[in-house]
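Okay, my_file.txt now, which holds compact mmCIF, C-alpha atoms:
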```txt
# COMPACT_ATOMS: atom_id res chain seq x y z
CA MET A 1 98.48 85.63 97.72
CA PRO A 2 98.13 84.86 94.03
CA ASP A 3 100.05 81.60 94.33
CA ARG A 4 97.38 80.16 96.63
CA PRO A 5 93.95 78.90 95.59
CA GLY A 6 91.33 81.59 95.72
CA GLY A 7 89.48 83.62 93.14
CA THR A 8 90.19 86.99 94.72
CA ALA A 9 93.93 86.43 94.75
CA HIS A 10 93.87 85.53 91.07
CA VAL A 11 91.75 88.53 90.21
CA VAL A 12 94.16 90.83 92.06
CA ALA A 13 97.14 89.31 90.29
CA HIS A 14 95.40 89.58 86.92
CA ARG A 15 94.55 93.19 87.58
CA LEU A 16 98.11 94.09 88.58
CA ASN A 17 99.93 92.07 85.96
CA GLY A 18 97.59 92.16 82.99
CA TRP A 19 96.86 89.12 80.84
CA ARG A 20 100.32 87.75 80.03
CA PRO A 21 101.41 84.66 78.13
CA ASP A 22 102.59 83.08 81.41
CA TRP A 23 99.70 84.43 83.43
CA PRO A 24 97.11 83.50 84.44
CA GLU A 25 97.79 79.84 85.02
CA ALA A 26 95.53 77.27 83.39
CA ALA A 27 93.22 76.84 86.38
CA SER A 28 92.38 80.49 86.65
CA ARG A 29 91.87 80.71 82.90
CA GLN A 30 89.22 78.00 83.20
CA ILE A 31 87.65 79.83 86.15
CA ALA A 32 87.47 83.00 84.06
CA PHE A 33 85.85 81.14 81.17
CA ALA A 34 83.18 79.73 83.50
CA SER A 35 82.58 83.01 85.34
CA SER A 36 79.92 85.54 84.52
CA GLU A 37 81.93 88.34 86.14
CA LEU A 38 85.44 87.65 84.84
CA VAL A 39 85.92 88.11 81.13
CA VAL A 40 88.70 86.50 79.12
CA PRO A 41 90.03 89.20 76.79
CA PRO A 42 90.26 88.62 73.04
CA VAL A 43 93.49 87.04 71.85
CA LEU A 44 94.80 90.20 70.23
CA ALA A 45 93.65 92.61 72.96
CA ALA A 46 96.31 94.81 74.51
CA PRO A 47 97.39 93.25 77.84
CA THR A 48 96.40 96.05 80.16
CA SER A 49 96.88 96.17 83.89
CA GLY A 50 95.74 98.54 86.59
CA ASP A 51 96.26 99.64 90.16
CA VAL A 52 94.64 97.81 93.06
CA TRP A 53 93.40 99.50 96.22
CA LEU A 54 93.97 97.06 99.05
CA MET A 55 92.33 97.17 102.48
CA PRO A 56 94.68 95.07 104.63
CA VAL A 57 92.69 92.63 106.72
CA ASP A 58 95.26 90.07 107.84
CA ASP A 59 97.49 92.57 109.57
CA ALA A 60 94.71 94.92 110.66
CA LEU A 61 95.63 94.50 114.31
CA SER A 62 99.36 94.97 113.86
CA SER A 63 99.24 97.74 111.26
CA LYS A 64 97.46 101.06 111.20
CA VAL A 65 97.23 101.09 107.39
CA ASP A 66 93.58 101.11 106.27
CA LEU A 67 94.06 101.53 102.51
CA ARG A 68 97.10 100.71 100.46
CA LEU A 69 97.75 101.20 96.77
CA LEU A 70 99.36 98.39 94.79
CA LYS A 71 100.81 99.84 91.62
CA ARG A 72 100.24 98.11 88.31
CA ARG A 73 103.07 96.23 86.65
CA SER A 74 103.93 97.11 83.08
CA GLU A 75 104.69 94.45 80.50
CA MET A 76 108.41 95.03 80.92
CA GLU A 77 108.34 94.49 84.69
CA PRO A 78 108.24 91.13 86.49
CA ALA A 79 104.78 89.88 87.37
CA TRP A 80 103.50 90.60 90.89
CA PRO A 81 104.25 89.35 93.58
CA ALA A 82 107.84 89.09 92.32
CA PRO A 83 109.77 92.13 93.58
CA LEU A 84 110.73 94.84 91.16
CA SER A 85 114.37 94.92 90.21
CA THR A 86 116.31 97.61 92.05
CA ARG A 87 119.31 97.47 89.76
CA LEU A 88 118.07 100.50 87.85
CA ALA A 89 118.52 102.58 90.97
CA GLU A 90 122.30 102.38 90.59
CA PRO A 91 124.32 103.82 87.71
CA ALA A 92 125.25 101.31 85.05
CA ALA A 93 128.65 99.67 85.44
CA GLY A 94 131.27 101.76 83.77
CA ALA A 95 129.02 104.75 83.48
CA ARG A 96 131.06 107.78 84.50
CA ARG A 97 128.96 110.57 83.16
CA PRO A 98 127.60 113.00 85.77
CA LEU A 99 124.13 112.72 84.27
CA SER A 100 124.06 108.99 85.04
CA TYR A 101 124.82 109.63 88.69
CA ALA A 102 122.27 112.45 88.83
CA ALA A 103 119.61 110.22 87.28
CA ALA A 104 120.46 107.42 89.71
CA ALA A 105 120.23 109.83 92.65
CA VAL A 106 116.80 110.99 91.50
CA ARG A 107 115.66 107.37 91.13
CA ARG A 108 116.94 106.54 94.63
CA TRP A 109 115.15 109.59 96.04
CA ARG A 110 111.91 108.58 94.31
CA THR A 111 112.05 104.94 95.36
CA ALA A 112 113.03 105.79 98.95
CA GLY A 113 109.52 107.03 99.67
CA ALA A 114 107.78 104.44 97.52
CA ALA A 115 106.47 102.48 100.49
CA ASP A 116 104.97 105.60 102.03
CA ALA A 117 103.56 106.67 98.68
CA GLU A 118 101.49 103.51 98.57
CA ILE A 119 99.67 104.28 101.83
CA LEU A 120 96.48 106.25 101.15
CA ILE A 121 94.71 105.92 104.53
CA GLU A 122 96.61 105.33 107.75
CA ASP A 123 95.37 105.52 111.31
CA GLY A 124 92.17 107.19 110.13
CA HIS A 125 94.02 109.90 108.24
CA SER A 126 93.46 109.99 104.48
CA PHE A 127 96.08 111.35 102.08
CA VAL A 128 93.86 112.83 99.39
CA ALA A 129 96.62 114.60 97.46
CA LYS A 130 98.62 111.38 97.35
CA ALA A 131 95.62 109.46 96.07
CA ARG A 132 95.00 112.10 93.43
CA SER A 133 98.58 112.11 92.20
CA SER A 134 98.74 108.32 92.14
CA SER A 135 96.19 107.86 89.39
CA ASN A 136 95.37 109.58 86.11
CA LEU A 137 91.93 108.07 86.38
CA VAL A 138 91.21 109.70 89.75
CA ARG A 139 92.24 113.08 88.36
CA ALA A 140 90.02 112.63 85.29
CA ILE A 141 87.03 111.64 87.43
CA GLU A 142 87.58 114.59 89.76
CA ALA A 143 87.78 116.92 86.77
CA PHE A 144 84.49 115.53 85.49
CA ASN A 145 82.88 115.98 88.92
CA ARG A 146 84.05 119.60 89.06
CA ARG A 147 82.64 120.28 85.60
CA ALA A 148 79.40 118.48 86.42
CA LEU A 149 78.86 120.89 89.31
CA THR A 150 78.86 123.80 86.86
CA VAL A 151 75.90 122.53 84.81
CA THR A 152 72.26 122.24 85.81
CA PRO A 153 71.30 118.64 86.67
CA ARG A 154 69.12 117.06 84.01
CA LYS A 155 65.59 115.96 84.70
CA PRO A 156 65.08 112.20 84.89
CA PRO A 157 63.97 110.55 81.66
CA ALA A 158 60.21 110.67 81.05
CA TRP A 159 59.83 106.89 81.15
CA ASP A 160 61.45 106.54 84.58
CA HIS A 161 59.68 107.00 87.92
CA SER A 162 62.31 105.58 90.26
CA ILE A 163 64.23 108.86 90.60
CA VAL A 164 61.15 111.03 91.09
CA SER A 165 59.61 108.71 93.65
CA HIS A 166 62.90 108.18 95.58
CA PRO A 167 64.87 111.40 95.09
CA THR A 168 67.00 110.90 98.21
CA GLU A 169 67.58 107.17 97.79
CA PRO A 170 70.02 106.66 94.91
CA GLU A 171 70.15 102.94 95.65
CA ALA A 172 66.51 102.71 94.51
CA TRP A 173 67.11 104.48 91.19
CA SER A 174 67.08 102.65 87.90
CA PRO A 175 70.71 102.31 86.72
CA ILE A 176 69.57 102.88 83.15
CA ALA A 177 67.90 106.15 84.09
CA ALA A 178 71.01 107.17 86.06
CA ALA A 179 73.19 106.33 83.05
CA GLU A 180 70.97 108.48 80.84
CA ARG A 181 71.38 111.40 83.23
CA ILE A 182 75.16 111.01 83.20
CA MET A 183 75.11 110.89 79.42
CA GLY A 184 73.08 114.10 79.42
CA THR A 185 75.53 115.72 81.83
CA LEU A 186 78.41 114.80 79.52
CA SER A 187 76.58 116.46 76.62
CA ASP A 188 75.82 119.57 78.70
CA ILE A 189 79.48 119.93 79.70
CA GLN A 190 80.46 119.55 76.06
CA SER A 191 77.97 122.19 74.93
CA ARG A 192 79.24 124.59 77.59
CA HIS A 193 82.88 124.07 76.62
CA LYS A 194 82.10 124.22 72.93
CA ARG A 195 81.06 127.85 73.32
CA ALA A 196 84.10 128.78 75.48
CA MET B 197 86.20 125.93 72.24
CA ASN B 198 84.63 127.79 69.34
CA THR B 199 85.60 131.19 70.71
CA THR B 200 89.15 130.00 71.39
CA ILE B 201 89.51 128.63 67.86
CA ILE B 202 88.19 131.86 66.33
CA TRP B 203 90.58 133.95 68.45
CA LEU B 204 93.54 131.75 67.53
CA GLY B 205 92.64 132.13 63.84
CA VAL B 206 92.35 135.92 64.15
CA LEU B 207 95.68 136.14 65.99
CA ALA B 208 97.39 133.96 63.38
CA TRP B 209 95.97 136.12 60.58
CA PHE B 210 97.17 139.36 62.17
CA SER B 211 100.60 137.86 62.96
CA ILE B 212 101.11 136.92 59.31
CA ALA B 213 99.88 140.34 58.24
CA ALA B 214 102.39 142.00 60.60
CA ILE B 215 105.29 140.01 59.16
CA GLU B 216 104.21 140.60 55.57
CA LEU B 217 103.80 144.31 56.09
CA TYR B 218 107.21 144.52 57.74
CA VAL B 219 108.93 142.67 54.88
CA GLU B 220 107.05 144.04 51.85
CA PHE B 221 106.50 147.70 52.80
CA PRO B 222 109.75 149.23 54.08
CA HIS B 223 108.41 152.81 54.03
CA LEU B 224 105.43 152.41 56.31
CA TRP B 225 105.50 154.91 59.16
CA TYR B 226 104.59 152.26 61.74
CA ARG B 227 106.98 149.63 60.39
CA ASP B 228 109.20 149.69 63.48
CA ALA B 229 106.28 148.70 65.69
CA LEU B 230 105.42 145.62 63.65
CA PRO B 231 107.96 143.18 65.21
CA ALA B 232 106.73 144.14 68.69
CA ALA B 233 103.15 143.69 67.52
CA PHE B 234 104.06 140.25 66.18
CA VAL B 235 105.59 139.25 69.51
CA LEU B 236 102.52 140.49 71.39
CA LEU B 237 100.17 138.61 69.09
CA MET B 238 102.19 135.40 69.46
CA THR B 239 102.29 135.81 73.24
CA ARG B 240 98.53 136.20 73.30
CA ALA B 241 98.11 133.11 71.09
CA ILE B 242 100.37 131.02 73.33
CA TRP B 243 98.44 132.20 76.41
CA LEU B 244 95.15 131.22 74.76
CA LEU B 245 96.54 127.83 73.79
CA ASN B 246 97.80 127.19 77.32
CA ARG B 247 94.44 128.18 78.76
CA ALA B 248 92.70 125.76 76.39
CA ARG B 249 95.08 123.00 77.48
CA GLY B 250 94.60 123.88 81.15
CA ASN B 251 90.85 123.61 80.76
CA SER B 252 91.35 120.28 78.96
CA LEU B 253 89.20 121.45 76.09
CA PRO B 254 90.45 118.69 73.75
CA SER B 255 89.59 115.98 76.27
CA VAL B 256 86.15 117.47 76.84
CA ALA B 257 85.56 117.71 73.11
CA GLU B 258 86.78 114.23 72.21
CA ASP B 259 87.01 111.97 75.27
CA TYR B 260 83.68 113.01 76.76
CA ARG B 261 82.04 112.45 73.38
CA LEU B 262 83.47 108.95 73.28
CA ILE B 263 82.25 108.15 76.80
CA ALA B 264 78.80 109.57 76.04
CA GLU B 265 78.49 107.49 72.87
CA ALA B 266 79.71 104.35 74.64
CA LEU B 267 77.16 105.01 77.36
CA ARG B 268 74.46 105.36 74.72
CA VAL B 269 75.35 101.92 73.34
CA GLN B 270 75.53 100.44 76.85
CA ILE B 271 72.06 101.75 77.72
CA VAL B 272 70.58 100.04 74.66
CA TRP B 273 72.39 96.79 75.48
CA TRP B 274 71.09 96.91 79.05
CA GLN B 275 67.57 97.65 77.82
CA ILE B 276 67.54 94.60 75.56
CA GLY B 277 68.79 92.38 78.39
CA LEU B 278 72.54 92.14 77.72
CA VAL B 279 73.52 92.66 81.33
CA GLU B 280 76.37 90.22 81.93
CA ARG B 281 79.89 91.50 82.45
CA ARG B 282 81.05 90.26 79.06
CA HIS B 283 78.40 92.45 77.44
CA TRP B 284 79.68 95.64 78.94
CA VAL B 285 80.86 98.01 76.25
CA ASP B 286 84.27 98.47 77.88
CA GLN B 287 84.97 94.82 77.02
CA HIS B 288 84.66 95.65 73.33
CA LEU B 289 85.85 99.25 73.15
CA LEU B 290 89.44 100.12 72.21
CA ARG B 291 90.74 96.69 73.20
CA TYR B 292 93.62 96.82 70.75
CA ASP B 293 95.03 100.21 71.70
CA THR B 294 97.27 101.23 74.56
CA ASN B 295 98.17 104.28 76.64
CA GLU B 296 95.57 107.08 76.68
CA PHE B 297 92.90 104.93 75.09
CA GLN B 298 93.26 102.37 77.87
CA THR B 299 92.78 105.13 80.45
CA LEU B 300 89.57 106.05 78.64
CA ARG B 301 88.43 102.44 78.61
CA GLN B 302 89.20 101.96 82.30
CA GLY B 303 87.47 105.24 83.09
CA PHE B 304 84.37 104.03 81.29
CA ALA B 305 84.50 100.70 83.15
CA THR B 306 84.77 102.62 86.43
CA LEU B 307 81.73 104.66 85.47
CA LEU B 308 79.69 101.52 84.72
CA ASN B 309 80.78 99.94 88.01
CA THR B 310 79.82 103.09 89.89
CA ILE B 311 76.38 103.16 88.31
CA LEU B 312 75.71 99.54 89.21
CA TYR B 313 77.12 99.74 92.76
CA ARG B 314 75.26 102.93 93.56
CA HIS B 315 71.88 102.21 92.04
CA GLY B 316 69.37 99.39 91.91
CA PRO B 317 69.95 95.96 90.43
CA LEU B 318 70.05 95.95 86.66
CA ALA B 319 68.36 92.70 85.72
CA ALA B 320 65.28 93.39 87.83
CA ARG B 321 64.64 96.66 86.03
CA THR B 322 65.08 95.62 82.43
```

Hey, can you dump this file as structure tokens for me?
Amino acid sequence: MPDRPGGTAHVVAHRLNGWRPDWPEAASRQIAFASSELVVPPVLAAPTSGDVWLMPVDDALSSKVDLRLLKRRSEMEPAWPAPLSTRLAEPAAGARRPLSYAAAAVRRWRTAGAADAEILIEDGHSFVAKARSSSNLVRAIEAFNRRALTVTPRKPPAWDHSIVSHPTEPEAWSPIAAAERIMGTLSDIQSRHKRA
Amino acid sequence: MNTTIIWLGVLAWFSIAAIELYVEFPHLWYRDALPAAFVLLMTRAIWLLNRARGNSLPSVAEDYRLIAEALRVQIVWWQIGLVERRHWVDQHLLRYDTNEFQTLRQGFATLLNTILYRHGPLAART
């Protein structure tokens, strides 16, 4: 929980909520300043947030959920773990127009399955389509992977020997050489699409 | 992308020609077919445009270029020993923009994380 001491909890809350004027609290700001992994954003940087993929550990015995998605909170929404307001699910007071009721019904229908929509792996069964639809980033990465399969893999850079000497052990490869190969793949995909 | 752009230009040129011929030359023997030709040309152009969007040609042309260039900078920074998290390029790239640019930035950060989780330690190899 983000209201308890613990670096992970603060990181999760920061990720979900973004860097807000009232968040993080002073202690976690100092932790971030002292950390080599956490980076305090520039003052004028856009306060961005992101989704968190949570593997429940505490309730592992009582629940069959193995991977849960916690959706990011936008600037206009209350900071996590405060619950989201459900008032928007009902038509505004005095609103009599049919469109208002239709919109409210759609919102109710969408929020009714929200809890299920957050479960990505349950009882050993993974919901790939749900994971894909939950994140623009996942779709973009999958699109890149599909395109990367259509181009010939690049040879490792001439200065690197880690890939050639350990072709089946990616964990032994130089990350710089791997980054160069990815950069080359991006260029190859671009060249291919440029001619299309 | 190049072929699509050329085809869209050709279709636009012929569409304008069809309209001009229809308006300026009322005695042409094939004048009655020109509106249908215009509709066909426009339909073809819209189909081409939709195909280009479906293949995400703009994102490949622009977003992939941005990621490749950011990766080029990151490789140099890693090579000269700037390996701490605050020296990752995603911490300095597009920090003041929102929406699509933030997706790009987070995608680039994911790529850097993937490289470092999947491959050997960075500091030991610089």

_Please identify all residues of chain B having at least one atom at most 6 Å from any atom of chain A, considering all atoms listed in the file, and return them as a PyMOL selection string._
chain B and resi 197-199+264+281-282+291-292+311+314-316

_Excluding A:Val128 and its own-chain neighbours fewer than 5 positions away, which residues fall within 12 Å of it when counting only C-alpha atoms? Please give them as a PyMOL selection string._
chain A and resi 67+117+119-122+133-135+138-139+142

*For stretch 204-208 of chain B, work out the shell of residues within 8 Å, counting only C-alpha atoms and skipping chain neighbours fewer than 4 positions away, then give it as a PyMOL selection string.*
chain B and resi 200+212+237-238+240-241+244-245

*In Å, with one decimal, what is the gap from atom CA of B:Thr310 to atom CA of A:Asp123?*
26.6 Å

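With atom CA of B:Ala257 on one side and atom CA of A:Asn145 on the other, the separation reads 16.1 Å.
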
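Coordinates place atom CA of B:Thr306 at a distance of 21.2 Å from atom CA of A:Phe127.
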
*For B:Leu262, which residue out of B:Trp203, B:Leu289, B:Gln275, B:Val219 is the nearest one, using only C-alpha atoms?*
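Comparing B:Trp203, B:Leu289, B:Gln275, B:Val219 against B:Leu262, the winner is B:Leu289.
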
*asked:* Is it possible to get the residues within 10 Å of (91.9, 95.6, 91.7) (coordinates as in the file, counting all atoms listed in the file) written as a ChimeraX atom specification?
replied: /A:8-9,11-16,49-54,69-72

Write out as lines of an AutoDock Vina configuration file an axis-aligned box for stretch 200-218 of chain B: all of its atoms listed in the file, 8 Å added on each side, centre and edge lengths in Å with one decimal.
```
center_x = 97.7
center_y = 136.6
center_z = 63.5
size_x = 35.0
size_y = 31.9
size_z = 31.8
```

*Of the candidates A:Lys64, A:Ala131, A:Ser74, A:Ser165, which shows the shortest atom-to-atom distance to B:Asn295, using only C-alpha atoms?*
A:Ser74
